[in-house]
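Working notes, beginning with the structure itself.
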Amino acid sequence: MSLDTVLQRADVWRGGRLSATADAVASGFAALDTVLPGGGWPRGALTEILMPQHGIGALRLLVPALARLSRDERWICWVAPPYIPYAPALVGAGIDLSRVLLVHPGAHQDGLWAVEQSLRSGTCSAVLAWPTLDDRTALRRLQLAAEAGDALGFLFRPGRLMQRPSPAALRIQLQPEPGNGLSVSILKRRGGWACGPIHLEVPVHGHGRAVALHSHTATAPGSFHAQWQ
Amino acid sequence: MPVAGAHALAHDLNVCCRDRRAEADALHSLAAWAYQFSSQVSLHPPFALLLEVRRSLILFGGYTALLQRIRAGLGELGYQTRLAAAPTPLAAVSLACCESEQHVERCSALAAALAPLPLSVLDWKQALLDRLHGVGVQRLADLLRLPRDGLAHRLGPDSVLYLDRLLGRQPDPQVLYQPPQCFERSLQLPAEVVQASALLFALQRLILELCGWLQGQGGGVQELEVRLWHREQAITRLSIGVQRNSRAAEQFLILLRERLQRLELRQPVIEVGLHVERLLPLDGQSLQLFGAARQACQVDLLDRLRARLGAEAVRGLSAVAEHRPEYAWRYSEPGQGEQAVNGQQRPLWLLPVPRQLKTDHGWPCLQGRLKLQHSRERIESGWWDGQDIARDYFIAESASGSRYWIYRELDGQRRWFLQGLFE
């Protein structure tokens, strides 16, 4: 077998290059898309977002992608959100509310069940969830369900779980920065090493669009700064 | 055999009283179920059901295929049956009464097919049958060989008319069964059931009956009510709803399973029932198309979530054109969310109820003093309905980097509140 034939194989990944074959939904943040496999949030996979606390802009990071996905016929399902998703802000961010589905399960087990059902059903384009317990087997099931239903699964979890292994295809960690800034570190991605942090501007208002991209040569490789207008 | 004698032979015998009313109910519900195969169904009490199937043969792909479907359906419902077909109703019933299940197509072949049957298949008085036995008439062949005038003279004209109808020489109009307009069936359980999931087996039977009835009616349902009777407690009622009106038994069963898994029975159940109030028209054609698709028995996500979590746990979201932040949204039915545009900066998270903030020398605090942004939004509104507000809203940043939506009352104690998070 020659080296070329080995390299032709889809399951062989060459270090230093992100696999472009992965199906993804652009995040709307150019700086982030360049480091995400396939150029965006992975479809049919689980993305784990680790964050130290609420209110630092984790949702704003997803909003452009959700706005695009809401033009789909499928649901955007929110399972056990910690607060009320505020309708005027979602509208302001361009999300079609008729595609929004809120699920408030009573018990934790019901929550995991609801996430799995939603991911697996094939009728949800994205499922957002805030699981409270660390249950690795359950996460594995969710990853498989996301694959089966071709859905984007987003799990928001506390940052202290960073060291725990996770079956999620993509794991990112968020840290707040002054102003509207957010630093994004990639802990795990398919077809790539961990990288980061990337510094993003995530505006409060959802109408903006990333238009300019400056590469900060002074900072570590893979660090970018995106401006919003 | 007396009960005591039976007990002597089998000491673990479980004796039940024969319930003729339940038998009649079962026959009626089977008639409703059988309506899906023929529009001409008639009851032949106590234990026979007549279906005019000649016109259904093409639709169901011939006699054998139709018979197979009926037999399979009845088996699923838990009934043991004998099926026979003949050109006249009485002949069909007579043939079904004996072991050999026959299919006689023509009247000319009837006499030969009926000849070997014993006289007991006739729906005649026992005294009459005894008299015939007395003169050596054992089988139908013997009876049919007797001269007609003599029979009329000895047995009465009714008996001759009966034989004429049996052989198709006289018409035999039937009273057609009219299916009920709503479905209500119950089933007594052979033993008290303590575990909710164990009820599924009995309910499955009722659901299959329901779906047969729906098929016959050309309709579907969106909501069905399951009733559980207890010995002392009031009836437990469970409501199962589906988004799109349906008559797919699998769909109802999956939803019912979810619902029963969540149910805790306080008392054992002695009887289960199914009740459907509203029948909705369901286009047969569109059902066929659905059947071809992959989603044939796929249960709608909403139905599944609601069956387990309750209808109020699964909702949509609507924006409302309203200045007061807490009234600028509401829950709605999923898929019916309305967009009302508000140009202002709003947080993605809203607290269900604003939370009062502590203050430090007049400054609002949340994990330390909050840093306020310069821009301020004043909202004064709602004087017309008594829920008026007068507030100054700010975007505030905590030391740890979270951004909050807070306000200060313009009147009264001028307290600070947290109302949202810029997540």
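Every chain in the structure tokens takes a letter, A first, then B, and so on in the order presented; its residues are numbered from 1, and the ligands are numbered from 1 following the presented order.
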Checklist entry - Near chain A, which residues of chain B fall within 6 Å when you count only C-alpha atoms, and what do they look like as a PyMOL selection string? => result chain B and resi 313-316+319+329+334-337+345-351+401-403+421-423
Per DSSP on the backbone, what are the alpha helix (DSSP H) residues of segment 24-90 of chain A, as an mmCIF file with C-alpha atoms, in the first residue's frame?
```
data_model
loop_
_atom_site.group_PDB
_atom_site.id
_atom_site.type_symbol
_atom_site.label_atom_id
_atom_site.label_comp_id
_atom_site.auth_asym_id
_atom_site.auth_seq_id
_atom_site.Cartn_x
_atom_site.Cartn_y
_atom_site.Cartn_z
ATOM 1 C CA ALA A 30 -15.279 34.380 10.819
ATOM 2 C CA ALA A 31 -12.434 34.049 13.313
ATOM 3 C CA LEU A 32 -14.151 31.165 15.001
ATOM 4 C CA ASP A 33 -15.184 29.457 11.765
ATOM 5 C CA THR A 34 -11.570 29.231 10.603
ATOM 6 C CA VAL A 35 -10.671 27.040 13.565
ATOM 7 C CA ALA A 58 -22.471 32.072 25.521
ATOM 8 C CA LEU A 59 -25.829 32.341 23.766
ATOM 9 C CA ARG A 60 -24.753 35.336 21.747
ATOM 10 C CA LEU A 61 -22.061 33.100 20.322
ATOM 11 C CA LEU A 62 -24.760 30.798 18.926
ATOM 12 C CA VAL A 63 -27.345 33.359 17.929
ATOM 13 C CA PRO A 64 -26.193 33.978 14.321
ATOM 14 C CA ALA A 65 -26.207 30.240 13.619
ATOM 15 C CA LEU A 66 -29.582 29.807 15.329
ATOM 16 C CA ALA A 67 -31.027 32.664 13.275
ATOM 17 C CA ARG A 68 -29.966 30.883 10.121
ATOM 18 C CA LEU A 69 -31.222 27.512 11.337
ATOM 19 C CA ALA A 87 -38.595 36.689 22.974
ATOM 20 C CA PRO A 88 -37.844 40.336 21.976
ATOM 21 C CA ALA A 89 -34.100 39.633 22.100
ATOM 22 C CA LEU A 90 -34.490 36.500 20.003
#
```
Checklist entry - What lies within 8 Å of Tyr35 of chain B using only C-alpha atoms, ignoring chain neighbours under 2 positions off, as a ChimeraX atom specification? => result /B:31-33,37-41,179,212-213,215-217
Item to check | Straight-line distance linking atom CA of Ala91 of chain B with atom CA of Arg145 of chain B, stated in Å to one decimal | outcome: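 Going from atom CA of Ala91 of chain B over to atom CA of Arg145 of chain B, I get 17.1 Å.
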Checklist entry - Excluding same-chain residues fewer than 5 positions from Ala390 of chain B, what lies within 10 Å of it counting only C-alpha atoms, as a VMD selection string? => result chain B and resid 324 378 to 383 407 to 411
For the residues in the current selection, export all heavy atoms as a tab-separated table (two decimals), in the first residue's frame.
```
chain	number	residue	atom	x	y	z
B	324	ARG	N	-43.60	47.38	28.45
B	324	ARG	CA	-43.19	46.79	29.73
B	324	ARG	C	-42.48	45.47	29.46
B	324	ARG	O	-43.07	44.56	28.87
B	324	ARG	CB	-44.41	46.57	30.62
B	324	ARG	CG	-44.98	47.88	31.15
B	324	ARG	CD	-46.32	47.67	31.78
B	324	ARG	NE	-47.33	47.35	30.77
B	324	ARG	CZ	-48.61	47.15	31.07
B	324	ARG	NH1	-49.03	47.20	32.31
B	324	ARG	NH2	-49.48	46.87	30.11
B	378	ARG	N	-35.31	54.71	29.73
B	378	ARG	CA	-36.42	54.93	30.66
B	378	ARG	C	-37.69	54.29	30.11
B	378	ARG	O	-38.05	54.51	28.96
B	378	ARG	CB	-36.63	56.43	30.88
B	378	ARG	CG	-37.81	56.73	31.79
B	378	ARG	CD	-37.71	58.10	32.40
B	378	ARG	NE	-36.58	58.22	33.32
B	378	ARG	CZ	-36.33	59.31	34.04
B	378	ARG	NH1	-37.10	60.37	33.94
B	378	ARG	NH2	-35.30	59.34	34.86
B	379	ILE	N	-38.33	53.49	30.93
B	379	ILE	CA	-39.59	52.87	30.52
B	379	ILE	C	-40.67	53.27	31.51
B	379	ILE	O	-40.60	52.93	32.70
B	379	ILE	CB	-39.47	51.34	30.43
B	379	ILE	CG1	-38.38	50.93	29.43
B	379	ILE	CG2	-40.80	50.71	30.04
B	379	ILE	CD1	-38.18	49.44	29.27
B	380	GLU	N	-41.63	54.03	31.03
B	380	GLU	CA	-42.80	54.40	31.84
B	380	GLU	C	-44.01	54.02	31.02
B	380	GLU	O	-44.23	54.54	29.94
B	380	GLU	CB	-42.81	55.90	32.11
B	380	GLU	CG	-41.76	56.35	33.08
B	380	GLU	CD	-41.90	57.83	33.40
B	380	GLU	OE1	-41.37	58.63	32.60
B	380	GLU	OE2	-42.55	58.18	34.39
B	381	SER	N	-44.79	53.10	31.53
B	381	SER	CA	-45.89	52.60	30.71
B	381	SER	C	-46.89	51.86	31.59
B	381	SER	O	-46.60	51.51	32.73
B	381	SER	CB	-45.33	51.66	29.64
B	381	SER	OG	-46.36	51.22	28.81
B	382	GLY	N	-48.06	51.63	31.03
B	382	GLY	CA	-49.02	50.74	31.67
B	382	GLY	C	-49.99	51.41	32.62
B	382	GLY	O	-50.67	50.74	33.37
B	383	TRP	N	-50.12	52.78	32.58
B	383	TRP	CA	-51.02	53.47	33.50
B	383	TRP	C	-52.47	53.04	33.28
B	383	TRP	O	-53.30	53.12	34.16
B	383	TRP	CB	-50.88	54.99	33.36
B	383	TRP	CG	-50.98	55.45	31.93
B	383	TRP	CD1	-49.94	55.64	31.08
B	383	TRP	CD2	-52.16	55.71	31.19
B	383	TRP	NE1	-50.38	56.01	29.85
B	383	TRP	CE2	-51.75	56.07	29.88
B	383	TRP	CE3	-53.53	55.70	31.48
B	383	TRP	CZ2	-52.67	56.39	28.89
B	383	TRP	CZ3	-54.43	56.04	30.49
B	383	TRP	CH2	-54.00	56.37	29.21
B	407	TYR	N	-32.64	47.48	36.61
B	407	TYR	CA	-33.38	48.74	36.58
B	407	TYR	C	-33.51	49.32	37.98
B	407	TYR	O	-33.33	48.63	38.98
B	407	TYR	CB	-34.76	48.57	35.94
B	407	TYR	CG	-35.76	47.75	36.71
B	407	TYR	CD1	-36.51	48.32	37.75
B	407	TYR	CD2	-36.02	46.41	36.38
B	407	TYR	CE1	-37.46	47.57	38.44
B	407	TYR	CE2	-36.96	45.66	37.06
B	407	TYR	CZ	-37.67	46.25	38.09
B	407	TYR	OH	-38.60	45.52	38.76
B	408	ARG	N	-33.80	50.62	38.00
B	408	ARG	CA	-34.06	51.29	39.26
B	408	ARG	C	-35.45	51.89	39.19
B	408	ARG	O	-35.83	52.49	38.18
B	408	ARG	CB	-33.03	52.41	39.45
B	408	ARG	CG	-33.16	53.03	40.81
B	408	ARG	CD	-32.08	54.03	41.07
B	408	ARG	NE	-31.96	54.27	42.51
B	408	ARG	CZ	-31.19	55.17	43.03
B	408	ARG	NH1	-30.40	55.90	42.25
B	408	ARG	NH2	-31.16	55.35	44.34
B	409	GLU	N	-36.20	51.70	40.25
B	409	GLU	CA	-37.54	52.30	40.30
B	409	GLU	C	-37.41	53.82	40.31
B	409	GLU	O	-36.52	54.37	40.94
B	409	GLU	CB	-38.24	51.87	41.60
B	409	GLU	CG	-38.55	50.39	41.68
B	409	GLU	CD	-39.07	50.01	43.06
B	409	GLU	OE1	-38.65	50.64	44.05
B	409	GLU	OE2	-39.88	49.08	43.13
B	410	LEU	N	-38.32	54.48	39.60
B	410	LEU	CA	-38.29	55.94	39.58
B	410	LEU	C	-39.05	56.52	40.76
B	410	LEU	O	-38.81	57.64	41.17
B	410	LEU	CB	-38.89	56.46	38.27
B	410	LEU	CG	-38.00	56.28	37.04
B	410	LEU	CD1	-38.71	56.71	35.79
B	410	LEU	CD2	-36.71	57.08	37.22
B	411	ASP	N	-40.01	55.74	41.28
B	411	ASP	CA	-40.81	56.23	42.41
B	411	ASP	C	-40.51	55.41	43.65
B	411	ASP	O	-39.79	54.41	43.60
B	411	ASP	CB	-42.31	56.12	42.11
B	411	ASP	CG	-42.64	56.60	40.72
B	411	ASP	OD1	-42.11	57.66	40.34
B	411	ASP	OD2	-43.40	55.89	40.01
```
Checklist entry - Interatomic distance between atom CA of Pro354 of chain B and atom CA of His323 of chain B? => result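 Computed distance, atom CA of Pro354 of chain B to atom CA of His323 of chain B, equals 16.0 Å.
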Checklist entry - In Å to one decimal, how far is atom CA of Gly220 of chain B from atom CA of Phe60 of chain B? => result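 Between these atoms lies a distance of 20.6 Å.
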Item to check | Pick from A:Thr137, A:Ser183, A:Ser2, A:Gln173 nearest to Thr47 of chain A, counting only C-alpha atoms | outcome: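 Looking only at the distances to Thr47 of chain A, the closest residue turns out to be A:Gln173.
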Checklist entry - For Cys16 of chain B, which of B:Leu166, B:Ala191, B:His230, B:Ser56 is the closest residue, counting only C-alpha atoms? => result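 Ranked by minimum distance to Cys16 of chain B, first place goes to B:Ala191.
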Next on the checklist: Please identify the strand (DSSP E or B) residues within segment 110-191 of chain A (assignment by DSSP from backbone atoms) and present them as a ChimeraX atom specification.
Outcome noted: /A:124-129,152-158,170-176,181-189
